[in-house]
Structures are given as C-alpha cells and as structure tokens.
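K.L.:
My structure is below; once you've seen it, I'll send some questions.
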Amino acid sequence: MSRRGLTFVLAAVLTLVLGVLAAVLPVPYVVLVPGPVTDTLGTVDGTRPLVAVHGARTYDVSGHLYLTTVGVVPGDCGAHPTLLQALRAWLAKDEAVQPHQVICPPGESPSAVQQQNEHDMSQSQRDAITAALLELGYKPTSRQVTVGDVQSDAPAADVLQAGDAIVAVNGESVGDVTELRDLVGAHPVGTALSVTIERNGKRQDVAVKTIDSGDADHRPIMGITPDQQASFARIRVTIGVNPQDVGGPSAGLAFSLGIVDRLTPGALTGGRTVAGTGTIDGFGHVGPIGGIQQKIYGALDNDATVFLAPAGDCADAKAVAPDSLTLVRVETLHGALDALAAIRSGSTDFPHC
C-alpha cells in the first residue's frame with residue numbers, strides 16, 4: 001500500500017475510533033431540555049380536575065395555564081451524558097449543558113436527590129394552597145411560621161430543615177414572622193437559642209446559634225428564610241400532581257393561579273394559553289428557578305402566548321423569547337393576578353421582562 005493510501009486508512013480508523021468514543025464516553029455534565037407541560041386548569045386522567053376544591057363554590061375555567069418543566073439527560077444522577085450528546089446540546093438552541101453538580105450535588109446519592117425533589121414539590125403544593133386562599137381572603141383557623149430555606153453555612157443548617165414549623169423560641173410562642181424576628185433579635189449575636197419545632201407531627205427542642213445578619217444594623221438572625229403554613233376549617237384543596245413524577249419547587253406559582261381560577265368567576269386566562277414558572281411561599285412571594293430558557297421553549301411548543309417569569313429570571317427569559325410571546329415580570333401572586341387582569345382587558349400596563 002502506498003504512503004498516501006496508508007494515510008487515508010489511518011485517518012479513517014482514527015475518525016472511527018473518535019466517533020465511537022464520542023458516542024460512549026461519559027462527560028461530567030447534564031443536558032437540560034424542554035420538559036413536558038401540565039395544565040393546572042386541566043384534569044387528571046381526563047376524569048377529575050387537577051386542582052380540586054371541596055367546601056367552597058367553584059367556577060368553570062377556560063384556556064390553559066401550563067406549569068413548565070425541564071428535562072434532564074440523563075435522568076439519573078448516577079449517569080452522565082456522552083460527549084456526543086453534550087456536543088449536540090451545545091449546538092441546539094433549546095438545550096443547555098450544565099455541570100453535573102448543578103443538578104446532582106456532590107456527595108448526595110440519586111435517591112437522596114429524588115427525595116429532596118419530592119419534598120420540594122410537596123412543599124410547593126402546600127405553599128400554593130396557603131398563598132392562594134389567603135390572597136382570596138379566606139380566614140385561616142391557624143397559622144404557623146415555618147422554615148422556607150436554611151443558609152448552608154449557618155449553624156441552623158445542622159438542626160433545621162425546610163418545612164419545620166417554628167413553635168417557640170426560648171419557651172415563648174411564635175405567632176408570626178414579626179414575633180420570630182423580635183424574639184431572635186432580643187439576644188446578642190452568637191447566642192444559642194432553644195427553638196421548639198414541629199416536624200412530621202412531632203415536637204422537639206433544638207439549639208440554634210444566631211449569626212450576624214451582615215446588614216448595617218448587624219442584627220442577630222438564625223440564617224433561615226421564613227415561610228408560613230395556614231389551616232382552613234371548611235375549604236380543602238387537593239392538587240393531582242404526584243411528587244414522584246414531577247419534582248422540585250418551581251410549579252408553585254402555576255398551582256396558586258389554578259386554585260384562584262377555580263374559586264373566582266370568569267376566566268383568569270381570558271381563554272388564552274398562558275404558561276409560567278416560579279416558586280411561591282405562603283406569603284405569595286414568587287422566587288426564581290432554573291432552566292427558564294428550556295421552559296420558554298416548552299411553552300412555545302405548546303402554543304403559549306403569555307409567559308409568567310419570576311423577576312430574577314427575566315433577563316434569561318428575554319434572551320430567548322420571541323416578540324410573539326408576552327413576558328410578564330412576576331414578584332408576587334397578587335402581581336401575577338393584576339397582570340393577567342390587565343392582559344384580559346387589552347392593556348399593556350403591567351410589568352414586562
């Protein structure tokens with residue numbers, strides 16, 4: 001064989017080997033893709049409303065109100081995409097490549113990640129119900145201050161978990177966030193407080209050392225983001241999304257809007273196809289999420305004309321959204337309702353991204 005022929009053969013073999021390696025070689029990334037959408041105004045299995053309300057008058061709904069999701073390739077924290085999958089995602093406008101630890105934190109097992117995602121979804125449903133019913137003026141029979149999030153570097157992270165109800169501080173009962181702030185602030189930074197919590201129906205006392213807020217007044221804090229949970233006497237709301245199937249906290253806003261629509265006359269969407277995303281707490285505050293760009297593409301694939309985006313994600317949403325998609329900047333449930341009312345009336349006087 002001539003030198004030129006040998007060169008061609010070697011080049012072909014090398015190309016084949018590189019192609020095989022690219023197809024099977026795992027890389028330490030995950031690929032984000034548009035995930036499926038779920039209509040919070042729709043039904044479960046075509047039989048019962050996804051958002052079901054008992055003990056109060058409900059109204060017919062129209063249009064669509066989609067919660068959007070992000071798909072992850074591969075879907076298991078124990079696996080990695082191939083180099084070829086990652087390269088394809090780099091070139092695809094509706095996909096993104098992220099470090100593996102963004103979705104799967106180091107040191108956490110796949111089952112632990114799954115459990116956390118299920119917990120976040122369950123908590124988002126509880127918060128959505130609380131926020132929606134309080135927004136509509138329903139009077140709760142009880143309220144509890146709960147832990148929404150814990151600073152990872154705060155001593156509280158060793159003893160408190162998201163969802164814990166804070167019952168008392170140093171034996172003094174906690175009725176609302178103001179009382180909690182006052183009780184914590186009554187002691188110097190570095191004080192070990194005795195905090196009574198309720199977790200999974202059981203009460204226990206834990207010691208929480210306060211830290212400096214880092215603000216100009218250097219007030220003592222526990223290093224948590226407070227939330228609230230409310231109970232209502234006659235009205236009961238159920239949400240037909242299984243946390244084992246759809247995890248994470250980002251559907252909270254869509255759930256709340258679905259509840260409000262069921263409990264108020266007239267169509268919240270005005271018959272339009274609306275999509276959105278965003279966490280929500282019991283106070284109705286809307287927070288940022290991940291994968292906003294993939295969620296935008298998922299909304300477009302399902303003919304959405306309006307997209308509700310958390311204020312913190314507006315820049316990323318605007319980078320990919322076409323002019324045909326109305327981007328609404330949302331900070332609270334109340335603000336989202338005001339914006340939808342403006343859109344129904346034909347007004348453009350609402351916060352845009």
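Following the order of the structure tokens, chains are lettered A, B, ..., residues in each are numbered from 1, and ligands are numbered from 1.
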Residues near segment 286-299 of chain A, anyone? I mean within 8 Å using only C-alpha atoms, not counting same-chain ones fewer than 4 positions away, as a ChimeraX atom specification.

P.N.:
/A:32-37,66,68-70,94-96,250,253,275-281,303-304,307,310-313,316-317,320-321,330-333

K.L.:
I need the strand (DSSP E) residues of segment 31-141 of chain A per DSSP on the backbone, written as a ChimeraX atom specification.

P.N.:
/A:31-34,38-39,43-44,48-49,51-54,64-67,70-73,96-99

K.L.:
Take the residues that were just selected and, keeping N, CA and C atoms, output them as a short mmCIF file (atom, residue, chain, number, x, y, z; two decimals), in the first residue's frame.

P.N.:
```cif
data_model
loop_
_atom_site.label_atom_id
_atom_site.label_comp_id
_atom_site.auth_asym_id
_atom_site.auth_seq_id
_atom_site.Cartn_x
_atom_site.Cartn_y
_atom_site.Cartn_z
N VAL A 31 -27.47 17.57 30.47
CA VAL A 31 -28.09 18.31 29.38
C VAL A 31 -29.51 18.67 29.79
N LEU A 32 -29.83 19.96 29.73
CA LEU A 32 -31.17 20.43 30.04
C LEU A 32 -31.96 20.57 28.74
N VAL A 33 -33.17 20.01 28.72
CA VAL A 33 -34.03 20.06 27.54
C VAL A 33 -35.42 20.51 27.98
N PRO A 34 -36.23 21.04 27.05
CA PRO A 34 -37.60 21.39 27.43
C PRO A 34 -38.34 20.15 27.92
N THR A 38 -47.85 20.81 32.11
CA THR A 38 -49.07 20.31 32.73
C THR A 38 -50.05 21.46 32.90
N ASP A 39 -51.28 21.26 32.47
CA ASP A 39 -52.29 22.30 32.54
C ASP A 39 -52.94 22.28 33.92
N THR A 43 -57.33 18.26 33.70
CA THR A 43 -57.80 17.15 34.51
C THR A 43 -56.71 16.11 34.68
N VAL A 44 -56.93 15.23 35.63
CA VAL A 44 -56.06 14.08 35.86
C VAL A 44 -56.74 12.87 35.23
N ARG A 48 -60.95 13.89 36.62
CA ARG A 48 -61.13 14.83 37.74
C ARG A 48 -60.19 16.01 37.58
N PRO A 49 -60.59 17.18 38.07
CA PRO A 49 -59.74 18.37 37.92
C PRO A 49 -58.37 18.17 38.57
N VAL A 51 -56.65 20.56 39.83
CA VAL A 51 -56.83 21.33 41.06
C VAL A 51 -58.28 21.15 41.49
N ALA A 52 -58.49 20.41 42.57
CA ALA A 52 -59.84 20.12 43.06
C ALA A 52 -60.08 20.86 44.37
N VAL A 53 -61.23 21.52 44.45
CA VAL A 53 -61.59 22.29 45.64
C VAL A 53 -62.87 21.73 46.23
N HIS A 54 -62.86 21.50 47.53
CA HIS A 54 -64.03 20.98 48.24
C HIS A 54 -64.40 21.96 49.36
N HIS A 64 -55.77 27.74 28.92
CA HIS A 64 -54.79 26.83 29.52
C HIS A 64 -53.86 27.63 30.42
N LEU A 65 -53.44 26.99 31.51
CA LEU A 65 -52.49 27.60 32.44
C LEU A 65 -51.44 26.54 32.74
N TYR A 66 -50.38 26.56 31.95
CA TYR A 66 -49.39 25.48 32.00
C TYR A 66 -48.30 25.76 33.03
N LEU A 67 -47.99 24.73 33.82
CA LEU A 67 -46.74 24.74 34.56
C LEU A 67 -45.71 24.10 33.63
N VAL A 70 -38.38 21.20 33.18
CA VAL A 70 -37.12 20.98 32.48
C VAL A 70 -36.79 19.49 32.51
N GLY A 71 -36.46 18.95 31.36
CA GLY A 71 -35.99 17.58 31.31
C GLY A 71 -34.47 17.53 31.46
N VAL A 72 -33.97 16.49 32.08
CA VAL A 72 -32.54 16.34 32.32
C VAL A 72 -32.06 15.05 31.65
N VAL A 73 -30.99 15.16 30.87
CA VAL A 73 -30.39 14.00 30.21
C VAL A 73 -28.98 13.81 30.74
N ALA A 96 -29.31 23.05 26.87
CA ALA A 96 -28.18 23.69 27.57
C ALA A 96 -27.36 22.62 28.25
N VAL A 97 -26.08 22.89 28.38
CA VAL A 97 -25.16 21.97 29.06
C VAL A 97 -24.72 22.63 30.37
N GLN A 98 -24.91 21.90 31.47
CA GLN A 98 -24.56 22.40 32.79
C GLN A 98 -23.67 21.40 33.51
N PRO A 99 -22.81 21.89 34.43
CA PRO A 99 -22.02 20.95 35.23
C PRO A 99 -22.92 19.96 35.97
#
```

K.L.:
Excluding Leu50 of chain A and any residue of its chain fewer than 4 positions from it, enumerate the residues within 9 Å of it, using only C-alpha atoms, and give them as a PyMOL selection string.

P.N.:
chain A and resi 39-44+238-241+258

K.L.:
Restricting it to N, CA and C atoms, dump the selection as a PDB file, in the first residue's frame.

P.N.:
```pdb
ATOM      1  N   ASP A  39     -51.276  21.256  32.465  1.00  0.00           N
ATOM      2  CA  ASP A  39     -52.286  22.303  32.542  1.00  0.00           C
ATOM      3  C   ASP A  39     -52.944  22.276  33.917  1.00  0.00           C
ATOM      4  N   THR A  40     -52.708  23.302  34.719  1.00  0.00           N
ATOM      5  CA  THR A  40     -53.306  23.345  36.057  1.00  0.00           C
ATOM      6  C   THR A  40     -54.814  23.602  35.999  1.00  0.00           C
ATOM      7  N   LEU A  41     -55.331  23.934  34.822  1.00  0.00           N
ATOM      8  CA  LEU A  41     -56.774  24.061  34.637  1.00  0.00           C
ATOM      9  C   LEU A  41     -57.363  22.792  34.038  1.00  0.00           C
ATOM     10  N   GLY A  42     -56.522  21.802  33.818  1.00  0.00           N
ATOM     11  CA  GLY A  42     -56.947  20.573  33.170  1.00  0.00           C
ATOM     12  C   GLY A  42     -57.388  19.514  34.158  1.00  0.00           C
ATOM     13  N   THR A  43     -57.331  18.262  33.704  1.00  0.00           N
ATOM     14  CA  THR A  43     -57.803  17.145  34.507  1.00  0.00           C
ATOM     15  C   THR A  43     -56.711  16.107  34.684  1.00  0.00           C
ATOM     16  N   VAL A  44     -56.931  15.229  35.634  1.00  0.00           N
ATOM     17  CA  VAL A  44     -56.056  14.080  35.857  1.00  0.00           C
ATOM     18  C   VAL A  44     -56.738  12.867  35.232  1.00  0.00           C
ATOM     19  N   THR A 238     -56.958  19.996  46.834  1.00  0.00           N
ATOM     20  CA  THR A 238     -56.005  18.937  46.500  1.00  0.00           C
ATOM     21  C   THR A 238     -55.459  19.192  45.100  1.00  0.00           C
ATOM     22  N   ILE A 239     -54.208  18.839  44.897  1.00  0.00           N
ATOM     23  CA  ILE A 239     -53.530  19.041  43.612  1.00  0.00           C
ATOM     24  C   ILE A 239     -53.069  17.685  43.105  1.00  0.00           C
ATOM     25  N   GLY A 240     -53.541  17.319  41.924  1.00  0.00           N
ATOM     26  CA  GLY A 240     -53.300  15.985  41.394  1.00  0.00           C
ATOM     27  C   GLY A 240     -51.994  15.824  40.644  1.00  0.00           C
ATOM     28  N   VAL A 241     -50.909  16.289  41.231  1.00  0.00           N
ATOM     29  CA  VAL A 241     -49.577  16.066  40.659  1.00  0.00           C
ATOM     30  C   VAL A 241     -48.780  15.244  41.664  1.00  0.00           C
ATOM     31  N   GLY A 258     -53.962  28.361  39.423  1.00  0.00           N
ATOM     32  CA  GLY A 258     -55.006  27.391  39.135  1.00  0.00           C
ATOM     33  C   GLY A 258     -56.058  27.344  40.224  1.00  0.00           C
TER      34      GLY A 258
END
```

K.L.:
Using only C-alpha atoms, which protein or nucleic acid residues come within 12 Å of His218 of chain A? Drop anything in the same chain fewer than 3 positions from it, and give the result as number ranges by chain.

P.N.:
A: 185, 188-190, 210-215, 221

K.L.:
Can I get the residues of segment 213-298 of chain A within 12 Å of segment 170-175 of chain A, each with the closest pair of atoms and their distance in Å to one decimal, using only C-alpha atoms, sorted chain first then ascending number, as a Markdown table?

P.N.:
```
| residue | atom | partner | partner_atom | distance |
| --- | --- | --- | --- | --- |
| A:Pro226 | CA | A:Val174 | CA | 11.9 |
| A:Gln228 | CA | A:Gly175 | CA | 10.1 |
| A:Gln229 | CA | A:Gly175 | CA | 11.3 |
| A:Ala230 | CA | A:Gly175 | CA | 11.4 |
```

K.L.:
Taking only C-alpha atoms into account, which of A:Ser124, A:Gln244, A:Ser109, A:Thr191 comes nearest Pro155 of chain A?

P.N.:
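Of all the options, A:Thr191 lies closest to Pro155 of chain A.
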
K.L.:
For atom CA of Arg272 of chain A and atom CA of His285 of chain A, quote the distance in Å rounded to one decimal.

P.N.:
24.2 Å

K.L.:
If you measure from atom CA of Ala56 of chain A to atom CA of Thr264 of chain A, what distance in Å do you get, rounded to one decimal?

P.N.:
10.5 Å

K.L.:
Could you tell me how far atom CA of Gly271 of chain A sits from atom CA of Ser62 of chain A, in Å to one decimal place?

P.N.:
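Pair atom CA of Ser62 of chain A / atom CA of Gly271 of chain A returns 5.2 Å.
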
K.L.:
Taking the backbone alone, and naming residues the way the document does, which bits of segment 106-267 of chain A are helix (DSSP H, G or I) by DSSP, as a ChimeraX atom specification?

P.N.:
/A:110-135,155-158,177-185,252-263
